[in-house]
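Enquirer: Just one file: work31.pdb, with PDB, C-alpha atoms, pLDDT in the B column.
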```pdb
ATOM      1  CA  MET L   1      72.704  85.675  62.027  1.00 90.00           C
ATOM      2  CA  SER L   2      73.137  82.196  60.529  1.00 91.00           C
ATOM      3  CA  GLU L   3      75.404  83.633  57.802  1.00 93.00           C
ATOM      4  CA  ILE L   4      78.016  85.064  60.202  1.00 95.00           C
ATOM      5  CA  GLU L   5      81.490  83.527  60.249  1.00 95.00           C
ATOM      6  CA  TRP L   6      82.993  83.110  63.732  1.00 96.00           C
ATOM      7  CA  GLY L   7      86.531  83.048  65.111  1.00 95.00           C
ATOM      8  CA  PRO L   8      88.378  83.976  68.334  1.00 94.00           C
ATOM      9  CA  LEU L   9      88.097  87.602  69.442  1.00 94.00           C
ATOM     10  CA  ASN L  10      91.654  87.453  70.783  1.00 90.00           C
ATOM     11  CA  PRO L  11      93.584  84.736  68.872  1.00 89.00           C
ATOM     12  CA  ALA L  12      96.403  84.867  71.448  1.00 85.00           C
ATOM     13  CA  ARG L  13      94.079  83.298  74.051  1.00 87.00           C
ATOM     14  CA  GLY L  14      92.946  80.458  71.786  1.00 86.00           C
ATOM     15  CA  ASP L  15      89.988  78.497  73.208  1.00 85.00           C
ATOM     16  CA  ASN L  16      89.865  80.819  76.234  1.00 87.00           C
ATOM     17  CA  SER L  17      88.865  83.738  74.018  1.00 91.00           C
ATOM     18  CA  PRO L  18      85.253  84.763  73.369  1.00 96.00           C
ATOM     19  CA  ARG L  19      84.098  84.119  69.801  1.00 96.00           C
ATOM     20  CA  ALA L  20      83.675  87.042  67.423  1.00 97.00           C
ATOM     21  CA  GLY L  21      81.756  87.448  64.170  1.00 97.00           C
ATOM     22  CA  THR L  22      82.164  90.436  61.851  1.00 97.00           C
ATOM     23  CA  LEU L  23      79.036  92.308  60.748  1.00 98.00           C
ATOM     24  CA  TRP L  24      80.716  95.150  58.868  1.00 97.00           C
ATOM     25  CA  GLY L  25      84.227  96.530  58.395  1.00 96.00           C
ATOM     26  CA  ASP L  26      87.416  94.810  59.567  1.00 96.00           C
ATOM     27  CA  ARG L  27      88.481  95.118  63.217  1.00 95.00           C
ATOM     28  CA  THR L  28      92.032  94.033  62.326  1.00 94.00           C
ATOM     29  CA  GLY L  29      92.484  97.001  59.971  1.00 95.00           C
ATOM     30  CA  SER L  30      92.452 100.753  60.516  1.00 96.00           C
ATOM     31  CA  GLU L  31      88.816 101.271  59.489  1.00 95.00           C
ATOM     32  CA  PRO L  32      85.659 101.429  61.622  1.00 96.00           C
ATOM     33  CA  SER L  33      83.946  98.095  62.216  1.00 98.00           C
ATOM     34  CA  GLY L  34      81.097  96.367  64.024  1.00 98.00           C
ATOM     35  CA  PHE L  35      81.104  92.794  65.265  1.00 98.00           C
ATOM     36  CA  LEU L  36      79.324  90.349  67.556  1.00 98.00           C
ATOM     37  CA  VAL L  37      80.974  88.735  70.577  1.00 98.00           C
ATOM     38  CA  GLN L  38      79.787  85.465  72.160  1.00 97.00           C
ATOM     39  CA  PHE L  39      80.743  84.610  75.751  1.00 97.00           C
ATOM     40  CA  VAL L  40      80.409  81.279  77.535  1.00 96.00           C
ATOM     41  CA  ASP L  41      78.392  81.255  80.760  1.00 96.00           C
ATOM     42  CA  GLY L  42      80.606  82.388  83.649  1.00 96.00           C
ATOM     43  CA  PHE L  43      83.247  83.989  81.415  1.00 96.00           C
ATOM     44  CA  SER L  44      85.485  86.558  83.094  1.00 95.00           C
ATOM     45  CA  SER L  45      88.489  88.094  81.387  1.00 95.00           C
ATOM     46  CA  PRO L  46      91.774  88.940  83.104  1.00 95.00           C
ATOM     47  CA  PRO L  47      92.400  92.676  83.616  1.00 97.00           C
ATOM     48  CA  HIS L  48      93.395  94.244  80.289  1.00 97.00           C
ATOM     49  CA  ILE L  49      93.172  97.365  78.135  1.00 97.00           C
ATOM     50  CA  HIS L  50      92.328  98.180  74.535  1.00 97.00           C
ATOM     51  CA  ASN L  51      94.213 100.531  72.263  1.00 97.00           C
ATOM     52  CA  ILE L  52      90.954 102.114  71.079  1.00 97.00           C
ATOM     53  CA  THR L  53      87.583 103.082  72.573  1.00 97.00           C
ATOM     54  CA  TYR L  54      84.638 100.825  71.832  1.00 98.00           C
ATOM     55  CA  ARG L  55      80.859 100.892  72.322  1.00 98.00           C
ATOM     56  CA  GLY L  56      78.756  97.878  73.260  1.00 98.00           C
ATOM     57  CA  VAL L  57      75.095  96.861  73.326  1.00 98.00           C
ATOM     58  CA  ALA L  58      73.995  93.738  75.218  1.00 98.00           C
ATOM     59  CA  ILE L  59      71.860  91.423  73.063  1.00 98.00           C
ATOM     60  CA  SER L  60      71.328  88.349  75.248  1.00 98.00           C
ATOM     61  CA  GLY L  61      72.467  87.101  78.634  1.00 98.00           C
ATOM     62  CA  THR L  62      74.024  89.647  80.985  1.00 98.00           C
ATOM     63  CA  ILE L  63      77.318  91.516  80.594  1.00 98.00           C
ATOM     64  CA  HIS L  64      79.560  93.196  83.168  1.00 98.00           C
ATOM     65  CA  ASN L  65      82.280  95.623  82.056  1.00 97.00           C
ATOM     66  CA  ASP L  66      84.095  97.737  84.604  1.00 96.00           C
ATOM     67  CA  ASP L  67      87.178  98.313  86.743  1.00 95.00           C
ATOM     68  CA  PRO L  68      88.600  95.003  88.055  1.00 95.00           C
ATOM     69  CA  ASN L  69      87.704  95.984  91.640  1.00 94.00           C
ATOM     70  CA  ALA L  70      84.197  97.240  90.899  1.00 94.00           C
ATOM     71  CA  GLU L  71      81.125  95.440  92.195  1.00 94.00           C
ATOM     72  CA  LYS L  72      79.411  93.458  89.424  1.00 93.00           C
ATOM     73  CA  MET L  73      76.724  95.404  87.558  1.00 94.00           C
ATOM     74  CA  TRP L  74      75.048  92.936  85.217  1.00 97.00           C
ATOM     75  CA  MET L  75      73.634  94.594  82.098  1.00 98.00           C
ATOM     76  CA  PRO L  76      70.762  92.736  80.371  1.00 98.00           C
ATOM     77  CA  THR L  77      69.413  92.943  76.812  1.00 98.00           C
ATOM     78  CA  GLY L  78      69.301  96.501  75.457  1.00 98.00           C
ATOM     79  CA  SER L  79      71.887  97.921  77.873  1.00 98.00           C
ATOM     80  CA  PHE L  80      74.633 100.174  76.476  1.00 98.00           C
ATOM     81  CA  TRP L  81      78.210 100.768  77.562  1.00 98.00           C
ATOM     82  CA  THR L  82      81.461 102.312  76.381  1.00 97.00           C
ATOM     83  CA  GLN L  83      85.018 101.257  77.209  1.00 97.00           C
ATOM     84  CA  PRO L  84      87.596 104.049  76.841  1.00 97.00           C
ATOM     85  CA  ALA L  85      90.955 103.354  75.244  1.00 97.00           C
ATOM     86  CA  GLY L  86      93.741 102.628  77.717  1.00 97.00           C
ATOM     87  CA  GLY L  87      91.476 101.926  80.710  1.00 97.00           C
ATOM     88  CA  VAL L  88      92.120  98.767  82.752  1.00 97.00           C
ATOM     89  CA  HIS L  89      88.954  96.694  83.051  1.00 97.00           C
ATOM     90  CA  ILE L  90      87.461  93.230  82.983  1.00 97.00           C
ATOM     91  CA  THR L  91      84.539  91.867  80.984  1.00 97.00           C
ATOM     92  CA  ALA L  92      82.331  89.092  82.359  1.00 97.00           C
ATOM     93  CA  ALA L  93      79.155  87.334  81.228  1.00 97.00           C
ATOM     94  CA  GLU L  94      76.440  85.195  82.786  1.00 97.00           C
ATOM     95  CA  GLY L  95      73.654  83.298  81.056  1.00 95.00           C
ATOM     96  CA  SER L  96      73.077  80.278  78.854  1.00 93.00           C
ATOM     97  CA  LYS L  97      73.558  82.457  75.744  1.00 95.00           C
ATOM     98  CA  ASN L  98      75.608  85.641  76.032  1.00 97.00           C
ATOM     99  CA  LEU L  99      75.859  87.910  73.016  1.00 98.00           C
ATOM    100  CA  ALA L 100      76.882  91.547  72.555  1.00 98.00           C
ATOM    101  CA  TYR L 101      77.382  93.942  69.662  1.00 98.00           C
ATOM    102  CA  ILE L 102      80.666  95.886  69.680  1.00 98.00           C
ATOM    103  CA  GLU L 103      81.720  98.747  67.396  1.00 98.00           C
ATOM    104  CA  ILE L 104      84.842 100.857  66.988  1.00 98.00           C
ATOM    105  CA  ASP L 105      85.419 104.097  65.057  1.00 96.00           C
ATOM    106  CA  ASN L 106      88.945 103.109  64.041  1.00 95.00           C
ATOM    107  CA  GLY L 107      91.102 100.003  64.312  1.00 94.00           C
ATOM    108  CA  PRO L 108      92.796  97.784  64.794  1.00 96.00           C
ATOM    109  CA  TYR L 109      91.055  96.317  67.856  1.00 96.00           C
ATOM    110  CA  LEU L 110      93.806  95.047  70.160  1.00 95.00           C
ATOM    111  CA  VAL L 111      93.838  93.454  73.616  1.00 95.00           C
ATOM    112  CA  LEU L 112      96.865  94.553  75.660  1.00 96.00           C
ATOM    113  CA  PRO L 113      98.135  93.882  79.220  1.00 96.00           C
ATOM    114  CA  PRO L 114      97.267  96.341  82.033  1.00 97.00           C
ATOM    115  CA  GLU L 115     100.908  97.457  82.219  1.00 97.00           C
ATOM    116  CA  LYS L 116     100.270  99.414  79.017  1.00 97.00           C
ATOM    117  CA  ALA L 117      97.397 101.447  80.488  1.00 97.00           C
ATOM    118  CA  PHE L 118      97.102 105.111  79.521  1.00 97.00           C
ATOM    119  CA  GLN L 119      94.694 108.021  80.022  1.00 95.00           C
ATOM    120  CA  SER L 120      92.006 108.804  77.459  1.00 93.00           C
ATOM    121  CA  GLU L 121      89.681 111.767  77.026  1.00 92.00           C
ATOM    122  CA  ASP L 122      86.760 109.331  76.751  1.00 91.00           C
ATOM    123  CA  LYS L 123      84.851 108.343  79.887  1.00 91.00           C
ATOM    124  CA  PRO L 124      83.267 104.949  80.671  1.00 93.00           C
ATOM    125  CA  ILE L 125      79.487 104.740  80.438  1.00 94.00           C
ATOM    126  CA  ASN L 126      77.237 101.939  81.707  1.00 96.00           C
ATOM    127  CA  VAL L 127      73.512 102.362  81.030  1.00 97.00           C
ATOM    128  CA  ASP L 128      71.165  99.596  82.161  1.00 97.00           C
ATOM    129  CA  THR L 129      68.205  99.019  79.859  1.00 97.00           C
ATOM    130  CA  SER L 130      65.892 100.238  82.652  1.00 97.00           C
ATOM    131  CA  ASN L 131      67.547 103.680  82.385  1.00 97.00           C
ATOM    132  CA  ILE L 132      67.127 104.014  78.615  1.00 97.00           C
ATOM    133  CA  VAL L 133      64.893 107.017  77.825  1.00 95.00           C
ATOM    134  CA  TRP L 134      62.484 106.455  74.921  1.00 95.00           C
ATOM    135  CA  VAL L 135      60.973 109.414  73.059  1.00 93.00           C
ATOM    136  CA  ASP L 136      59.009 110.085  69.891  1.00 91.00           C
ATOM    137  CA  LYS L 137      61.239 110.570  66.862  1.00 81.00           C
ATOM    138  CA  PRO L 138      61.775 114.339  66.406  1.00 77.00           C
ATOM    139  CA  GLY L 139      60.020 115.596  63.312  1.00 71.00           C
ATOM    140  CA  MET L 140      57.633 112.633  63.228  1.00 68.00           C
ATOM    141  CA  PRO L 141      54.006 112.623  64.467  1.00 68.00           C
ATOM    142  CA  ALA L 142      53.756 111.723  68.160  1.00 69.00           C
ATOM    143  CA  SER L 143      51.950 108.472  68.831  1.00 72.00           C
ATOM    144  CA  LYS L 144      51.380 106.524  72.042  1.00 73.00           C
ATOM    145  CA  ASN L 145      51.689 103.236  70.175  1.00 79.00           C
ATOM    146  CA  GLY L 146      54.126 104.391  67.500  1.00 88.00           C
ATOM    147  CA  ALA L 147      57.848 103.873  67.029  1.00 93.00           C
ATOM    148  CA  LYS L 148      60.180 105.319  69.674  1.00 95.00           C
ATOM    149  CA  VAL L 149      63.885 106.197  69.736  1.00 95.00           C
ATOM    150  CA  ALA L 150      66.595 106.489  72.393  1.00 96.00           C
ATOM    151  CA  PHE L 151      69.633 108.635  71.576  1.00 94.00           C
ATOM    152  CA  LEU L 152      72.812 106.943  72.844  1.00 95.00           C
ATOM    153  CA  TRP L 153      75.698 109.024  71.525  1.00 94.00           C
ATOM    154  CA  ASP L 154      76.039 112.266  69.559  1.00 89.00           C
ATOM    155  CA  SER L 155      73.167 114.003  67.840  1.00 75.00           C
ATOM    156  CA  PRO L 156      71.575 112.951  64.545  1.00 70.00           C
ATOM    157  CA  GLN L 157      72.618 115.912  62.458  1.00 68.00           C
ATOM    158  CA  ASP L 158      73.465 115.661  58.762  1.00 61.00           C
ATOM    159  CA  GLY L 159      76.999 114.445  58.241  1.00 72.00           C
ATOM    160  CA  GLN L 160      77.624 113.578  61.908  1.00 87.00           C
ATOM    161  CA  LEU L 161      77.972 110.000  63.160  1.00 93.00           C
ATOM    162  CA  ASN L 162      75.461 109.025  65.822  1.00 95.00           C
ATOM    163  CA  GLY L 163      74.026 105.962  67.526  1.00 96.00           C
ATOM    164  CA  THR L 164      70.332 105.432  68.302  1.00 96.00           C
ATOM    165  CA  LEU L 165      68.104 102.645  69.538  1.00 97.00           C
ATOM    166  CA  VAL L 166      64.844 102.262  67.602  1.00 97.00           C
ATOM    167  CA  LYS L 167      61.824 100.544  69.169  1.00 97.00           C
ATOM    168  CA  LEU L 168      59.172  99.268  66.770  1.00 96.00           C
ATOM    169  CA  PRO L 169      55.935  98.269  68.538  1.00 95.00           C
ATOM    170  CA  ALA L 170      54.346  94.855  68.045  1.00 95.00           C
ATOM    171  CA  GLY L 171      52.539  94.741  64.717  1.00 94.00           C
ATOM    172  CA  PHE L 172      54.498  97.688  63.258  1.00 94.00           C
ATOM    173  CA  THR L 173      54.820  97.794  59.476  1.00 94.00           C
ATOM    174  CA  GLY L 174      56.617 100.578  57.663  1.00 94.00           C
ATOM    175  CA  ASN L 175      59.905 101.996  56.393  1.00 94.00           C
ATOM    176  CA  ILE L 176      63.122 103.305  57.854  1.00 95.00           C
ATOM    177  CA  ARG L 177      64.350 105.919  55.395  1.00 94.00           C
ATOM    178  CA  SER L 178      68.034 106.797  55.652  1.00 92.00           C
ATOM    179  CA  ASN L 179      69.341 110.171  54.474  1.00 90.00           C
ATOM    180  CA  GLY L 180      72.982 109.607  55.406  1.00 89.00           C
ATOM    181  CA  SER L 181      75.865 108.267  53.352  1.00 92.00           C
ATOM    182  CA  THR L 182      76.013 105.126  55.523  1.00 94.00           C
ATOM    183  CA  PHE L 183      73.354 103.258  57.504  1.00 96.00           C
ATOM    184  CA  ARG L 184      74.093 100.258  59.714  1.00 97.00           C
ATOM    185  CA  ALA L 185      71.503  98.441  61.833  1.00 98.00           C
ATOM    186  CA  VAL L 186      71.753  95.518  64.269  1.00 98.00           C
ATOM    187  CA  VAL L 187      68.740  93.696  65.703  1.00 98.00           C
ATOM    188  CA  ILE L 188      68.932  93.730  69.507  1.00 98.00           C
ATOM    189  CA  GLN L 189      65.527  92.300  70.432  1.00 98.00           C
ATOM    190  CA  GLY L 190      62.586  90.725  68.627  1.00 97.00           C
ATOM    191  CA  GLN L 191      62.436  89.065  65.224  1.00 96.00           C
ATOM    192  CA  PRO L 192      61.506  91.754  62.696  1.00 97.00           C
ATOM    193  CA  GLN L 193      60.757  90.975  59.079  1.00 96.00           C
ATOM    194  CA  TYR L 194      63.079  92.829  56.717  1.00 96.00           C
ATOM    195  CA  GLN L 195      62.859  93.655  53.015  1.00 88.00           C
ATOM    196  CA  VAL L 196      65.080  95.827  50.825  1.00 73.00           C
ATOM    197  CA  SER L 197      63.120  98.294  48.703  1.00 65.00           C
ATOM    198  CA  ASN L 198      62.444  97.014  45.161  1.00 70.00           C
ATOM    199  CA  GLU L 199      63.257  93.415  46.170  1.00 72.00           C
ATOM    200  CA  THR L 200      60.814  90.608  46.891  1.00 77.00           C
ATOM    201  CA  ASP L 201      62.779  88.506  49.405  1.00 84.00           C
ATOM    202  CA  VAL L 202      61.713  88.903  53.031  1.00 90.00           C
ATOM    203  CA  LYS L 203      63.989  87.751  55.868  1.00 92.00           C
ATOM    204  CA  THR L 204      63.235  87.152  59.522  1.00 94.00           C
ATOM    205  CA  LEU L 205      66.074  88.761  61.471  1.00 96.00           C
ATOM    206  CA  VAL L 206      66.792  87.203  64.865  1.00 97.00           C
ATOM    207  CA  PRO L 207      68.805  89.154  67.476  1.00 98.00           C
ATOM    208  CA  GLY L 208      72.358  89.716  66.250  1.00 98.00           C
ATOM    209  CA  SER L 209      71.322  90.020  62.597  1.00 98.00           C
ATOM    210  CA  TYR L 210      72.501  93.012  60.576  1.00 97.00           C
ATOM    211  CA  PHE L 211      71.366  95.121  57.637  1.00 96.00           C
ATOM    212  CA  GLY L 212      72.904  98.228  56.119  1.00 95.00           C
ATOM    213  CA  SER L 213      73.215 100.469  53.074  1.00 93.00           C
ATOM    214  CA  LYS L 214      75.172 103.285  51.479  1.00 93.00           C
ATOM    215  CA  GLY L 215      73.578 106.515  50.324  1.00 92.00           C
ATOM    216  CA  GLU L 216      69.906 107.391  50.617  1.00 92.00           C
ATOM    217  CA  SER L 217      67.900 104.205  51.060  1.00 91.00           C
ATOM    218  CA  VAL L 218      64.622 102.739  52.248  1.00 92.00           C
ATOM    219  CA  HIS L 219      64.390  99.665  54.484  1.00 94.00           C
ATOM    220  CA  LYS L 220      61.027  97.904  54.849  1.00 94.00           C
ATOM    221  CA  VAL L 221      60.638  96.544  58.380  1.00 96.00           C
ATOM    222  CA  SER L 222      57.782  94.951  60.291  1.00 95.00           C
ATOM    223  CA  SER L 223      57.486  93.617  63.837  1.00 94.00           C
ATOM    224  CA  ASN L 224      55.872  90.406  64.984  1.00 88.00           C
ATOM    225  CA  ALA L 225      52.213  90.880  65.884  1.00 88.00           C
ATOM    226  CA  LYS L 226      52.943  89.983  69.527  1.00 90.00           C
ATOM    227  CA  ASP L 227      56.492  91.263  70.133  1.00 94.00           C
ATOM    228  CA  GLU L 228      58.176  94.630  69.771  1.00 96.00           C
ATOM    229  CA  SER L 229      61.536  94.947  68.026  1.00 97.00           C
ATOM    230  CA  ILE L 230      64.570  96.949  69.138  1.00 98.00           C
ATOM    231  CA  ILE L 231      67.220  97.872  66.572  1.00 98.00           C
ATOM    232  CA  TYR L 232      70.499  99.700  67.076  1.00 98.00           C
ATOM    233  CA  VAL L 233      71.185 102.211  64.284  1.00 97.00           C
ATOM    234  CA  ARG L 234      74.521 103.835  63.461  1.00 97.00           C
ATOM    235  CA  THR L 235      74.447 106.444  60.709  1.00 95.00           C
ATOM    236  CA  ASP L 236      76.104 109.695  59.690  1.00 93.00           C
ATOM    237  CA  GLY L 237      72.889 111.592  59.044  1.00 87.00           C
ATOM    238  CA  LYS L 238      69.213 111.699  59.854  1.00 89.00           C
ATOM    239  CA  PHE L 239      66.691 108.928  59.308  1.00 92.00           C
ATOM    240  CA  ASP L 240      62.906 108.764  59.343  1.00 92.00           C
ATOM    241  CA  ILE L 241      60.593 106.039  60.621  1.00 93.00           C
ATOM    242  CA  ILE L 242      57.419 105.943  58.555  1.00 91.00           C
ATOM    243  CA  GLN L 243      54.587 103.691  59.705  1.00 89.00           C
ATOM    244  CA  ALA L 244      52.368 102.315  56.958  1.00 86.00           C
ATOM    245  CA  GLN L 245      48.724 103.360  57.074  1.00 72.00           C
ATOM    246  CA  SER L 246      46.440 100.570  58.245  1.00 58.00           C
ATOM    247  CA  LYS L 247      43.981  99.283  55.681  1.00 50.00           C
ATOM    248  CA  LYS L 248      40.316  99.697  56.508  1.00 44.00           C
TER
END
```
Please render this file's structure as structure tokens.

Expert:
Amino acid sequence: MSEIEWGPLNPARGDNSPRAGTLWGDRTGSEPSGFLVQFVDGFSSPPHIHNITYRGVAISGTIHNDDPNAEKMWMPTGSFWTQPAGGVHITAAEGSKNLAYIEIDNGPYLVLPPEKAFQSEDKPINVDTSNIVWVDKPGMPASKNGAKVAFLWDSPQDGQLNGTLVKLPAGFTGNIRSNGSTFRAVVIQGQPQYQVSNETDVKTLVPGSYFGSKGESVHKVSSNAKDESIIYVRTDGKFDIIQAQSKK
């Protein structure tokens, strides 16, 4: 998180714009990208649209994203939403530290006036963290105190993009093994310890931190002994969560 470079999300608004920090890709180009957005307490945007659909996960503070006339629905840490292309909406934030992860499947990411609204096949989704459904990872041994997953969009089949939340219980130590061609992960909650396979450096990743890889890979991750960790994973294949055997 400390290594991220920040700038205005919408340069046209100058100091009135939320700050944005790129994690992967380039939101100003045509490629997919993922980035963090910081909002000041009490921020509320004017009604606007985007030229593309985006997905968001709340990391800290509370976020509201909906039709300009909708009653405020404040989404806390771990909540998930999507904003369809062309739909008029506002985004607001409350809290001493407001942070969200945003990703797009193609760019550029543009902010346009409501007069340019258009219909999209995508539909808006707002899922409060209390409505997230956690299950055992399919294909892995069921465990009451083991890692859990919550499927957010599309299914984790080989070669198909999908997004999943991963919950690692307090004290978890093990590997996340990626079988896809790309693997991107953003820490949403907790402060997991992270180590790339075959390397000795271990980093503590605070919320908003990112790690990723290309091709088959193994990521060594452990949770604090007292706090669980939640990580958002975007990949184009399947991945396994393998808990290390405790030493007796």

Enquirer: Given all atoms listed in the file, how would the per-residue table for range 19-89 of chain L near range 105-127 of chain L read, listing every residue at most 6 Å away with its closest atom pair and distance in Å to one decimal, sorted by chain and number, as a Markdown table?

Expert:
```
| residue | atom | partner | partner_atom | distance |
| --- | --- | --- | --- | --- |
| L:Arg27 | CA | L:Pro108 | CA | 5.3 |
| L:Thr28 | CA | L:Pro108 | CA | 4.6 |
| L:Gly29 | CA | L:Pro108 | CA | 4.9 |
| L:Ser30 | CA | L:Gly107 | CA | 4.1 |
| L:Glu31 | CA | L:Asn106 | CA | 4.9 |
| L:Pro32 | CA | L:Asp105 | CA | 4.4 |
| L:His48 | CA | L:Pro114 | CA | 4.7 |
| L:Ile49 | CA | L:Leu112 | CA | 5.3 |
| L:His50 | CA | L:Val111 | CA | 5.0 |
| L:Asn51 | CA | L:Leu110 | CA | 5.9 |
| L:Ser79 | CA | L:Val127 | CA | 5.7 |
| L:Phe80 | CA | L:Val127 | CA | 5.2 |
| L:Trp81 | CA | L:Asn126 | CA | 4.4 |
| L:Thr82 | CA | L:Ile125 | CA | 5.1 |
| L:Gln83 | CA | L:Pro124 | CA | 5.4 |
| L:Pro84 | CA | L:Asp122 | CA | 5.3 |
| L:Ala85 | CA | L:Ser120 | CA | 6.0 |
| L:Gly86 | CA | L:Phe118 | CA | 4.6 |
| L:Gly87 | CA | L:Ala117 | CA | 5.9 |
| L:Val88 | CA | L:Pro114 | CA | 5.7 |
```

Enquirer: Write a file of the selected residues as a short mmCIF file (atom, residue, chain, number, x, y, z; two decimals), in the coordinates of the input, keeping C-alpha atoms.

Expert:
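selection.cif written:
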```cif
data_model
loop_
_atom_site.label_atom_id
_atom_site.label_comp_id
_atom_site.auth_asym_id
_atom_site.auth_seq_id
_atom_site.Cartn_x
_atom_site.Cartn_y
_atom_site.Cartn_z
CA ARG L 27 88.48 95.12 63.22
CA THR L 28 92.03 94.03 62.33
CA GLY L 29 92.48 97.00 59.97
CA SER L 30 92.45 100.75 60.52
CA GLU L 31 88.82 101.27 59.49
CA PRO L 32 85.66 101.43 61.62
CA HIS L 48 93.40 94.24 80.29
CA ILE L 49 93.17 97.36 78.14
CA HIS L 50 92.33 98.18 74.54
CA ASN L 51 94.21 100.53 72.26
CA SER L 79 71.89 97.92 77.87
CA PHE L 80 74.63 100.17 76.48
CA TRP L 81 78.21 100.77 77.56
CA THR L 82 81.46 102.31 76.38
CA GLN L 83 85.02 101.26 77.21
CA PRO L 84 87.60 104.05 76.84
CA ALA L 85 90.96 103.35 75.24
CA GLY L 86 93.74 102.63 77.72
CA GLY L 87 91.48 101.93 80.71
CA VAL L 88 92.12 98.77 82.75
#
```

Enquirer: Which polymer residues have any atom within 8 Å of an atom of Gly190 in chain L, counting only C-alpha atoms, with same-chain residues fewer than 2 positions away left out, as a list in words?

Expert: Val187, Ile188, Pro192, Val206, Pro207, Ser223, Asn224, Asp227, Glu228, Ser229 and Ile230 of chain L

Enquirer: Which residues would end up in the selection if the PyMOL selection byres ((chain L and resi 164) around 10) were applied here, given that I need the answer as a PDB file with C-alpha atoms, keeping the file's coordinate frame?

Expert:
```pdb
ATOM      1  CA  VAL L 149      63.885 106.197  69.736  1.00 95.00           C
ATOM      2  CA  ALA L 150      66.595 106.489  72.393  1.00 96.00           C
ATOM      3  CA  PHE L 151      69.633 108.635  71.576  1.00 94.00           C
ATOM      4  CA  LEU L 152      72.812 106.943  72.844  1.00 95.00           C
ATOM      5  CA  TRP L 153      75.698 109.024  71.525  1.00 94.00           C
ATOM      6  CA  ASP L 154      76.039 112.266  69.559  1.00 89.00           C
ATOM      7  CA  SER L 155      73.167 114.003  67.840  1.00 75.00           C
ATOM      8  CA  PRO L 156      71.575 112.951  64.545  1.00 70.00           C
ATOM      9  CA  ASN L 162      75.461 109.025  65.822  1.00 95.00           C
ATOM     10  CA  GLY L 163      74.026 105.962  67.526  1.00 96.00           C
ATOM     11  CA  LEU L 165      68.104 102.645  69.538  1.00 97.00           C
ATOM     12  CA  VAL L 166      64.844 102.262  67.602  1.00 97.00           C
ATOM     13  CA  LYS L 167      61.824 100.544  69.169  1.00 97.00           C
ATOM     14  CA  ALA L 185      71.503  98.441  61.833  1.00 98.00           C
ATOM     15  CA  ILE L 231      67.220  97.872  66.572  1.00 98.00           C
ATOM     16  CA  TYR L 232      70.499  99.700  67.076  1.00 98.00           C
ATOM     17  CA  VAL L 233      71.185 102.211  64.284  1.00 97.00           C
ATOM     18  CA  ARG L 234      74.521 103.835  63.461  1.00 97.00           C
ATOM     19  CA  THR L 235      74.447 106.444  60.709  1.00 95.00           C
TER      20      THR L 235
END
```

Enquirer: Name every residue that the PyMOL selection byres ((chain L and resi 222) around 9) selects in this structure, writing the answer as a PyMOL selection string with chains first and numbers rising.

Expert: chain L and resi 168+170-175+191-195+220-221+223-225+229

Enquirer: Which residue gives the smallest distance to Ile63 in chain L among L:Asn98, L:His89, L:Gly78, L:Leu161, with all atoms listed in the file counted?

Expert: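 Going through L:Asn98, L:His89, L:Gly78, L:Leu161 one by one, the smallest distance to Ile63 in chain L is for L:Asn98.
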
Enquirer: Using all atoms listed in the file for the distances, tell me which of L:Pro68, L:Gly237, L:Gly21, L:Gly61 is nearest to Val40 in chain L.

Expert: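 Among the listed residues, L:Gly61 lies closest to Val40 in chain L.
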
Enquirer: For Lys214 in chain L, list every protein, DNA or RNA residue within 7 Å, evaluated using only C-alpha atoms, and leave out those in the same chain fewer than 2 positions away; present the list as an MDAnalysis selection string.

Expert: chainID L and resid 181:183 216

Enquirer: Fewer than 6 positions away in the same chain doesn't count, so skip those; otherwise give me all residues within 7 Å of Asn65 in chain L, counting only C-alpha atoms, as a ChimeraX atom specification.

Expert: /L:89-92

Enquirer: With all atoms of range 88-106 of chain L from the file as input, state the centre and edge lengths in Å to one decimal of the axis-aligned box that has 4 Å extra on each side, as JSON.

Expert:
```
{"center_x": 82.6, "center_y": 92.2, "center_z": 73.5, "size_x": 27.0, "size_y": 31.8, "size_z": 27.0}
```

Enquirer: What does the structure give for the distance between CA of Phe39 in chain L and CA of Arg13 in chain L, in Å to one decimal?

Expert: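 A separation of 13.5 Å between them.
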
Enquirer: From the set L:Gly34, L:Gly95, L:Gly180, L:Pro138, which residue has the shortest atom-to-atom contact distance to Ser209 in chain L, counting only C-alpha atoms?

Expert: L:Gly34

Enquirer: Taking 6 positions as the minimum chain separation for residues in the same chain, which residues sit within 6 Å of Ile102 in chain L when counting all atoms listed in the file? Answer as a list in words.

Expert: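 With the cut-off at 6 Å, the set is Gly34, Phe35, Arg55 and Gly56 of chain L.
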
Enquirer: List as number ranges by chain the protein and nucleic acid residues near Ser60 in chain L, meaning an atom at most 7 Å away when all atoms listed in the file are counted, but skip any in the same chain fewer than 3 places from it.

Expert: L: 76-77, 97-100

Enquirer: Just to confirm, what's the straight-line distance from CA of Gly212 in chain L to CA of Thr200 in chain L in Å (one decimal)?

Expert: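 Taking CA of Gly212 in chain L as the start and CA of Thr200 in chain L as the end point, the length is 17.0 Å.
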
Enquirer: Can you give me, as a PDB file with C-alpha atoms, in the coordinates of the input, the residues this file yields under the PyMOL selection byres ((chain L and resi 74) around 6)?

Expert:
```pdb
ATOM      1  CA  THR L  62      74.024  89.647  80.985  1.00 98.00           C
ATOM      2  CA  ILE L  63      77.318  91.516  80.594  1.00 98.00           C
ATOM      3  CA  HIS L  64      79.560  93.196  83.168  1.00 98.00           C
ATOM      4  CA  MET L  73      76.724  95.404  87.558  1.00 94.00           C
ATOM      5  CA  MET L  75      73.634  94.594  82.098  1.00 98.00           C
TER       6      MET L  75
END
```

Enquirer: Using Å and a single decimal, report how far CA of Gly208 in chain L sits from CA of Ser45 in chain L.

Expert: 22.2 Å
